[in-house]
$ cat entry.txt   # compact mmCIF, C-alpha atoms
# COMPACT_ATOMS: atom_id res chain seq x y z
CA MET A 1 104.37 102.22 86.66
CA SER A 2 103.33 98.60 86.32
CA LYS A 3 100.02 97.27 87.55
CA THR A 4 101.77 95.43 90.38
CA ASP A 5 103.78 98.50 91.42
CA LYS A 6 100.63 100.59 91.39
CA ARG A 7 98.77 98.09 93.58
CA HIS A 8 101.64 97.92 96.08
CA SER A 9 102.05 101.68 96.39
CA THR A 10 98.32 102.34 96.72
CA SER A 11 98.05 99.52 99.20
CA ARG A 12 100.75 101.04 101.38
CA ALA A 13 99.03 104.43 101.30
CA GLY A 14 95.73 102.78 102.17
CA LEU A 15 97.07 100.95 105.20
CA LEU A 16 98.27 104.21 106.70
CA HIS A 17 94.66 105.35 106.78
CA THR A 18 93.31 102.17 108.30
CA ASP A 19 92.30 102.16 111.95
CA PRO A 20 94.23 99.95 114.40
CA ARG A 21 91.29 97.58 115.00
CA THR A 22 91.05 96.85 111.30
CA ILE A 23 94.80 96.31 111.05
CA SER A 24 94.59 93.89 113.96
CA ALA A 25 91.68 92.03 112.35
CA VAL A 26 93.55 91.82 109.02
CA ARG A 27 96.56 90.37 110.82
CA ASP A 28 94.40 87.80 112.61
CA LYS A 29 92.84 86.76 109.34
CA LEU A 30 96.22 86.53 107.63
CA GLY A 31 97.45 84.48 110.57
CA GLU A 32 94.62 82.01 109.97
CA GLU A 33 95.55 81.76 106.29
CA LEU A 34 99.21 81.21 107.15
CA ARG A 35 98.35 78.50 109.68
CA ALA A 36 96.13 76.77 107.13
CA MET A 37 98.91 76.84 104.51
CA TYR A 38 101.46 75.64 107.04
CA GLY A 39 99.15 72.88 108.26
CA ARG A 40 98.70 71.58 104.74
CA LEU A 41 102.48 71.50 104.27
CA ALA A 42 102.96 69.64 107.55
CA ASP A 43 100.31 67.09 106.55
CA GLU A 44 101.99 66.28 103.24
CA PRO A 45 103.51 62.82 102.98
CA LEU A 46 107.24 62.73 103.66
CA PRO A 47 109.61 62.03 100.75
CA ASP A 48 111.48 58.71 100.68
CA ARG A 49 114.75 60.08 101.98
CA LEU A 50 113.06 61.48 105.10
CA LEU A 51 111.03 58.29 105.53
CA LYS A 52 114.33 56.42 105.47
CA LEU A 53 115.57 58.64 108.31
CA VAL A 54 112.41 57.91 110.25
CA TRP A 55 112.88 54.19 109.65
CA GLN A 56 116.48 54.41 110.91
CA LEU A 57 115.28 56.23 114.01
CA ASP A 58 112.76 53.48 114.63
CA GLN A 59 115.47 50.79 114.72
CA PRO A 60 116.34 50.10 118.36
CA HIS A 61 120.01 49.29 117.70
CA SER A 62 122.62 50.62 115.35
CA LYS A 63 123.99 48.34 112.63
CA GLY A 64 127.30 47.93 114.43
CA LYS A 65 125.74 46.25 117.44
CA PRO A 66 125.29 42.46 117.61
CA MET B 1 122.00 54.36 118.51
CA THR B 2 119.31 53.94 121.13
CA LEU B 3 117.57 57.13 122.11
CA PRO B 4 115.47 57.68 125.22
CA PRO B 5 111.80 57.32 124.21
CA ASP B 6 110.96 60.99 124.77
CA LEU B 7 113.86 62.14 122.58
CA HIS B 8 113.04 59.57 119.93
CA ASP B 9 109.40 60.68 119.84
CA GLY B 10 110.39 64.35 119.87
CA LEU B 11 112.66 63.87 116.87
CA LEU B 12 110.04 61.94 114.92
CA GLN B 13 107.23 64.36 115.70
CA SER B 14 109.36 67.35 114.70
CA ILE B 15 109.97 66.24 111.12
CA PRO B 16 106.65 67.35 109.53
CA SER B 17 106.74 70.80 111.11
CA MET B 18 110.44 71.23 110.32
CA ARG B 19 109.59 70.44 106.71
CA ALA B 20 106.68 72.92 106.67
CA PHE B 21 108.98 75.58 108.13
CA ALA B 22 111.76 74.80 105.64
CA ILE B 23 109.40 74.87 102.64
CA SER B 24 107.87 78.16 103.79
CA LEU B 25 111.32 79.61 104.40
CA THR B 26 112.98 78.54 101.14
CA GLY B 27 109.99 78.30 98.81
CA ASN B 28 111.68 75.23 97.35
CA ILE B 29 110.77 71.66 98.29
CA ASP B 30 114.12 70.09 97.33
CA GLN B 31 116.09 72.68 99.29
CA ALA B 32 113.68 72.25 102.19
CA ASP B 33 114.12 68.47 102.23
CA ASP B 34 117.91 68.93 102.09
CA LEU B 35 117.71 71.24 105.09
CA VAL B 36 115.48 68.90 107.11
CA GLN B 37 117.64 65.89 106.31
CA GLU B 38 120.85 67.73 107.23
CA ALA B 39 119.30 69.13 110.40
CA MET B 40 118.14 65.68 111.50
CA VAL B 41 121.52 64.09 110.78
CA ARG B 42 123.28 66.91 112.60
CA GLY B 43 120.82 66.71 115.47
CA LEU B 44 121.46 62.98 115.86
CA THR B 45 125.23 63.46 115.60
CA TYR B 46 125.22 66.05 118.37
CA ILE B 47 122.32 64.66 120.40
CA ASN B 48 124.59 64.42 123.45
CA GLN B 49 124.71 68.24 123.45
CA PHE B 50 120.94 68.48 123.83
CA GLN B 51 119.97 69.42 127.37
CA PRO B 52 117.27 67.05 128.68
CA GLY B 53 114.17 68.87 129.85
CA THR B 54 114.49 71.60 127.24
CA ASN B 55 112.48 71.79 124.02
CA ILE B 56 113.81 69.28 121.46
CA GLN B 57 111.76 70.87 118.68
CA ALA B 58 113.22 74.33 119.36
CA TRP B 59 116.69 72.77 119.42
CA LEU B 60 116.14 71.13 116.02
CA PHE B 61 114.66 74.32 114.57
CA THR B 62 117.77 76.20 115.72
CA ILE B 63 119.97 73.74 113.81
CA LEU B 64 117.75 73.94 110.73
CA ARG B 65 117.62 77.73 110.82
CA ASN B 66 121.42 78.00 111.18
CA GLN B 67 121.91 75.66 108.23
CA PHE B 68 119.50 77.71 106.16
CA HIS B 69 121.48 80.87 106.90
CA THR B 70 124.76 79.17 106.02
CA PHE B 71 123.21 78.11 102.73
CA TYR B 72 121.57 81.52 102.23
CA ARG B 73 124.88 83.36 102.76
CA LYS B 74 126.57 81.15 100.17
CA ARG B 75 123.76 81.70 97.73
CA ARG B 76 123.68 85.47 98.29
CA ARG B 77 127.31 85.62 97.29
CA GLU B 78 126.30 83.97 94.04
CA VAL B 79 123.27 86.20 93.34
CA GLU B 80 123.49 89.52 95.17
CA ASP B 81 119.95 90.73 95.85
CA PRO B 82 120.01 92.57 99.19
CA ASP B 83 116.74 94.45 98.74
CA GLY B 84 114.80 91.53 97.32
CA GLY B 85 114.30 93.41 94.04
CA ILE B 86 115.05 90.38 91.90
CA ALA B 87 112.83 88.19 94.06
CA ALA B 88 110.02 90.73 93.77
CA ARG B 89 110.24 90.74 89.99
CA LEU B 90 110.32 86.94 89.90
CA ALA B 91 107.36 86.60 92.25
CA VAL B 92 103.96 85.75 90.85
CA PRO B 93 101.64 88.75 91.25
CA PRO B 94 98.68 87.96 93.51
CA GLU B 95 95.48 87.03 91.77
CA GLN B 96 92.22 88.56 92.94
CA ASP B 97 90.13 85.44 92.82
CA GLY B 98 87.96 85.89 95.90
CA ARG B 99 90.32 84.71 98.66
CA VAL B 100 93.98 84.60 99.51
CA ASP B 101 95.33 82.00 97.18
CA VAL B 102 98.05 79.74 98.60
CA GLU B 103 100.33 80.65 95.71
CA ASP B 104 99.73 84.37 96.38
CA LEU B 105 100.60 83.81 100.01
CA LYS B 106 103.77 81.90 99.11
CA ALA B 107 104.80 84.61 96.63
CA ALA B 108 104.20 87.34 99.21
CA LEU B 109 106.12 85.39 101.87
CA ALA B 110 109.03 85.03 99.47
CA GLN B 111 109.20 88.81 99.13
CA LEU B 112 109.63 89.38 102.86
CA PRO B 113 113.19 89.86 104.13
CA VAL B 114 114.45 86.51 105.44
CA VAL B 115 114.69 87.63 109.07
CA GLN B 116 111.07 88.83 109.00
CA ARG B 117 109.89 85.68 107.23
CA GLU B 118 111.48 83.32 109.75
CA ALA B 119 110.22 85.33 112.74
CA LEU B 120 106.68 85.37 111.37
CA LEU B 121 106.70 81.62 110.64
CA LEU B 122 108.15 80.66 114.01
CA VAL B 123 105.78 82.80 116.08
CA GLY B 124 102.74 82.51 113.80
CA PRO B 125 101.93 79.09 112.34
CA GLN B 126 104.70 77.20 114.16
CA GLY B 127 103.46 78.50 117.50
CA PHE B 128 106.74 79.14 119.28
CA SER B 129 106.69 81.81 121.97
CA TYR B 130 108.55 85.06 121.33
CA GLU B 131 111.16 83.86 123.83
CA GLU B 132 111.65 80.57 121.98
CA ALA B 133 111.77 82.30 118.59
CA ALA B 134 114.34 84.75 119.94
CA ALA B 135 116.51 81.89 121.17
CA ILE B 136 116.20 80.07 117.83
CA CYS B 137 117.13 83.20 115.86
CA GLY B 138 119.79 84.39 118.30
CA ALA B 139 117.99 87.72 118.62
CA ARG B 140 116.39 89.78 121.37
CA ILE B 141 112.70 89.28 122.12
CA GLY B 142 111.95 92.89 121.19
CA THR B 143 113.69 92.40 117.85
CA ILE B 144 111.56 89.34 117.12
CA LYS B 145 108.36 91.21 118.05
CA SER B 146 109.35 94.05 115.74
CA ARG B 147 110.18 91.67 112.88
CA VAL B 148 106.87 89.83 113.26
CA ASN B 149 104.98 93.11 113.34
CA ARG B 150 106.67 94.42 110.20
CA ALA B 151 106.24 91.08 108.44
CA ARG B 152 102.48 91.03 109.09
CA THR B 153 102.05 94.59 107.87
CA ARG B 154 104.15 93.99 104.76
CA LEU B 155 102.32 90.76 103.98
CA ALA B 156 98.98 92.58 104.08
CA GLU B 157 100.40 95.28 101.80
CA LEU B 158 101.80 92.78 99.32
CA LEU B 159 98.47 90.98 99.17
CA GLY B 160 96.55 94.22 98.82
CA ILE B 161 94.45 93.47 101.91
CA GLU B 162 92.87 96.46 103.64
CA SER B 163 90.22 94.81 105.78
CA PRO B 164 89.31 91.29 106.97
CA ASP B 165 86.51 91.29 104.39
CA ASP B 166 89.17 91.46 101.69
CA ILE B 167 89.96 87.85 102.53
CA GLY B 168 86.60 86.66 101.34
CA ALA B 169 84.20 86.41 98.47
CA ASP B 170 84.01 90.15 97.76
CA ARG B 171 87.77 90.70 97.59
CA VAL B 172 87.72 91.20 93.83
CA VAL B 173 85.11 93.95 94.00
CA LYS B 174 86.77 95.73 96.92
CA ALA B 175 90.22 95.51 95.37
CA THR B 176 88.87 97.01 92.17
CA ILE B 177 87.15 99.89 93.96
CA PHE B 178 90.23 100.47 96.10
CA ASN B 179 92.58 100.57 93.12
CA GLU B 180 90.31 102.92 91.18
CA THR B 181 90.06 105.26 94.17
CA TYR B 182 93.78 105.48 94.83
CA THR B 183 95.14 105.43 91.29
CA ARG B 184 93.20 108.42 90.00

$ encode --input "entry.txt" --output "structure tokens"
Amino acid sequence: MSKTDKRHSTSRAGLLHTDPRTISAVRDKLGEELRAMYGRLADEPLPDRLLKLVWQLDQPHSKGKP
Amino acid sequence: MTLPPDLHDGLLQSIPSMRAFAISLTGNIDQADDLVQEAMVRGLTYINQFQPGTNIQAWLFTILRNQFHTFYRKRRREVEDPDGGIAARLAVPPEQDGRVDVEDLKAALAQLPVVQREALLLVGPQGFSYEEAAAICGARIGTIKSRVNRARTRLAELLGIESPDDIGADRVVKATIFNETYTR
């Protein structure tokens, strides 16, 4: 059994013995971590091709119009 | 094309969060940008099908999510990995460096089944209601709740987190004690 396998199997066994309040607190904490990760991704500058889309959206008229 | 101001603003404001969702879903920035670009183009092409007064962001997320699944189905035919076994072996094992590392979190997310991952992302960090997430995923509300619940539990397992204190400075010590206790 690899180190990773061992950690995963022991972790699963451990969670079964954890009380519901602790599980809820762990989930809340993980939720915070996920939101932080997600927030950083959303704050990243957009790549050129998406900026170009934004620029096109900002033009009031399509190219075909006079 | 001239869009009503509220639609125009809704489209613009949705791009960063669509990109965060796509990156978290695919784990690949190039694929994520492809998905966002395609979803935006598709959204603009079919903007006349959008019902005014409904949530433009949820509408765009539905398009993005459907495109991801079309892509995912194609890819799964190329590399069959229904149980995520290959993904698990490819994933970087979490490091016990005192807090949940972003890379650990990404690796753990990547190991979740896709339907659990998308439900967790939509309801968790993206902040959609269960009802909205269910509509986006074309699933029942109870199914979404169940997927989110299983995703959270599995994520904690994958990261070896047993208590809120494990996401903190003493995580290394606790993880060591825990592993010694349960591996004997």

$ interface_residues --input "entry.txt" --of "chain B" --to "chain A" --cutoff "9 Å" --atoms "all atoms listed in the file" --output "PyMOL selection string"
chain B and resi 1-3+8+11-12+15-21+23-24+33+36-37+40-41+93-94+100+102+105-106+121+124-126+152-167+178-179+182-183

$ write_last_selection --input "entry.txt" --atoms "C-alpha atoms" --output "PDB file, in the coordinates of the input"
ATOM      1  CA  MET B   1     122.000  54.360 118.510  1.00  0.00           C
ATOM      2  CA  THR B   2     119.310  53.940 121.130  1.00  0.00           C
ATOM      3  CA  LEU B   3     117.570  57.130 122.110  1.00  0.00           C
ATOM      4  CA  HIS B   8     113.040  59.570 119.930  1.00  0.00           C
ATOM      5  CA  LEU B  11     112.660  63.870 116.870  1.00  0.00           C
ATOM      6  CA  LEU B  12     110.040  61.940 114.920  1.00  0.00           C
ATOM      7  CA  ILE B  15     109.970  66.240 111.120  1.00  0.00           C
ATOM      8  CA  PRO B  16     106.650  67.350 109.530  1.00  0.00           C
ATOM      9  CA  SER B  17     106.740  70.800 111.110  1.00  0.00           C
ATOM     10  CA  MET B  18     110.440  71.230 110.320  1.00  0.00           C
ATOM     11  CA  ARG B  19     109.590  70.440 106.710  1.00  0.00           C
ATOM     12  CA  ALA B  20     106.680  72.920 106.670  1.00  0.00           C
ATOM     13  CA  PHE B  21     108.980  75.580 108.130  1.00  0.00           C
ATOM     14  CA  ILE B  23     109.400  74.870 102.640  1.00  0.00           C
ATOM     15  CA  SER B  24     107.870  78.160 103.790  1.00  0.00           C
ATOM     16  CA  ASP B  33     114.120  68.470 102.230  1.00  0.00           C
ATOM     17  CA  VAL B  36     115.480  68.900 107.110  1.00  0.00           C
ATOM     18  CA  GLN B  37     117.640  65.890 106.310  1.00  0.00           C
ATOM     19  CA  MET B  40     118.140  65.680 111.500  1.00  0.00           C
ATOM     20  CA  VAL B  41     121.520  64.090 110.780  1.00  0.00           C
ATOM     21  CA  PRO B  93     101.640  88.750  91.250  1.00  0.00           C
ATOM     22  CA  PRO B  94      98.680  87.960  93.510  1.00  0.00           C
ATOM     23  CA  VAL B 100      93.980  84.600  99.510  1.00  0.00           C
ATOM     24  CA  VAL B 102      98.050  79.740  98.600  1.00  0.00           C
ATOM     25  CA  LEU B 105     100.600  83.810 100.010  1.00  0.00           C
ATOM     26  CA  LYS B 106     103.770  81.900  99.110  1.00  0.00           C
ATOM     27  CA  LEU B 121     106.700  81.620 110.640  1.00  0.00           C
ATOM     28  CA  GLY B 124     102.740  82.510 113.800  1.00  0.00           C
ATOM     29  CA  PRO B 125     101.930  79.090 112.340  1.00  0.00           C
ATOM     30  CA  GLN B 126     104.700  77.200 114.160  1.00  0.00           C
ATOM     31  CA  ARG B 152     102.480  91.030 109.090  1.00  0.00           C
ATOM     32  CA  THR B 153     102.050  94.590 107.870  1.00  0.00           C
ATOM     33  CA  ARG B 154     104.150  93.990 104.760  1.00  0.00           C
ATOM     34  CA  LEU B 155     102.320  90.760 103.980  1.00  0.00           C
ATOM     35  CA  ALA B 156      98.980  92.580 104.080  1.00  0.00           C
ATOM     36  CA  GLU B 157     100.400  95.280 101.800  1.00  0.00           C
ATOM     37  CA  LEU B 158     101.800  92.780  99.320  1.00  0.00           C
ATOM     38  CA  LEU B 159      98.470  90.980  99.170  1.00  0.00           C
ATOM     39  CA  GLY B 160      96.550  94.220  98.820  1.00  0.00           C
ATOM     40  CA  ILE B 161      94.450  93.470 101.910  1.00  0.00           C
ATOM     41  CA  GLU B 162      92.870  96.460 103.640  1.00  0.00           C
ATOM     42  CA  SER B 163      90.220  94.810 105.780  1.00  0.00           C
ATOM     43  CA  PRO B 164      89.310  91.290 106.970  1.00  0.00           C
ATOM     44  CA  ASP B 165      86.510  91.290 104.390  1.00  0.00           C
ATOM     45  CA  ASP B 166      89.170  91.460 101.690  1.00  0.00           C
ATOM     46  CA  ILE B 167      89.960  87.850 102.530  1.00  0.00           C
ATOM     47  CA  PHE B 178      90.230 100.470  96.100  1.00  0.00           C
ATOM     48  CA  ASN B 179      92.580 100.570  93.120  1.00  0.00           C
ATOM     49  CA  TYR B 182      93.780 105.480  94.830  1.00  0.00           C
ATOM     50  CA  THR B 183      95.140 105.430  91.290  1.00  0.00           C
TER      51      THR B 183
END

$ atom_distance --input "entry.txt" --atom1 "atom CA of B:Ile56" --atom2 "atom CA of B:Ala22"
16.9 Å

$ atom_distance --input "entry.txt" --atom1 "atom CA of B:Phe68" --atom2 "atom CA of B:Gly53"
25.8 Å

$ residues_around --input "entry.txt" --residues "B:Arg42" --least-positions-apart "4" --cutoff "12 Å" --atoms "all atoms listed in the file" --output "ChimeraX atom specification"
/B:11,34-38,46-50,59-64,66-67

$ atom_distance --input "entry.txt" --atom1 "atom CA of A:Pro20" --atom2 "atom CA of B:Asp101"
24.9 Å

$ closest_residue --input "entry.txt" --among "B:Leu25, B:Gln51, B:Asp30, B:Ala58" --to "B:Ala119" --atoms "only C-alpha atoms"
B:Leu25

$ residues_near_point --input "entry.txt" --point "(107.3, 89.7, 116.2)" --cutoff "12 Å" --atoms "all atoms listed in the file" --output "MDAnalysis selection string"
chainID B and resid 115:124 127:134 137 139:153
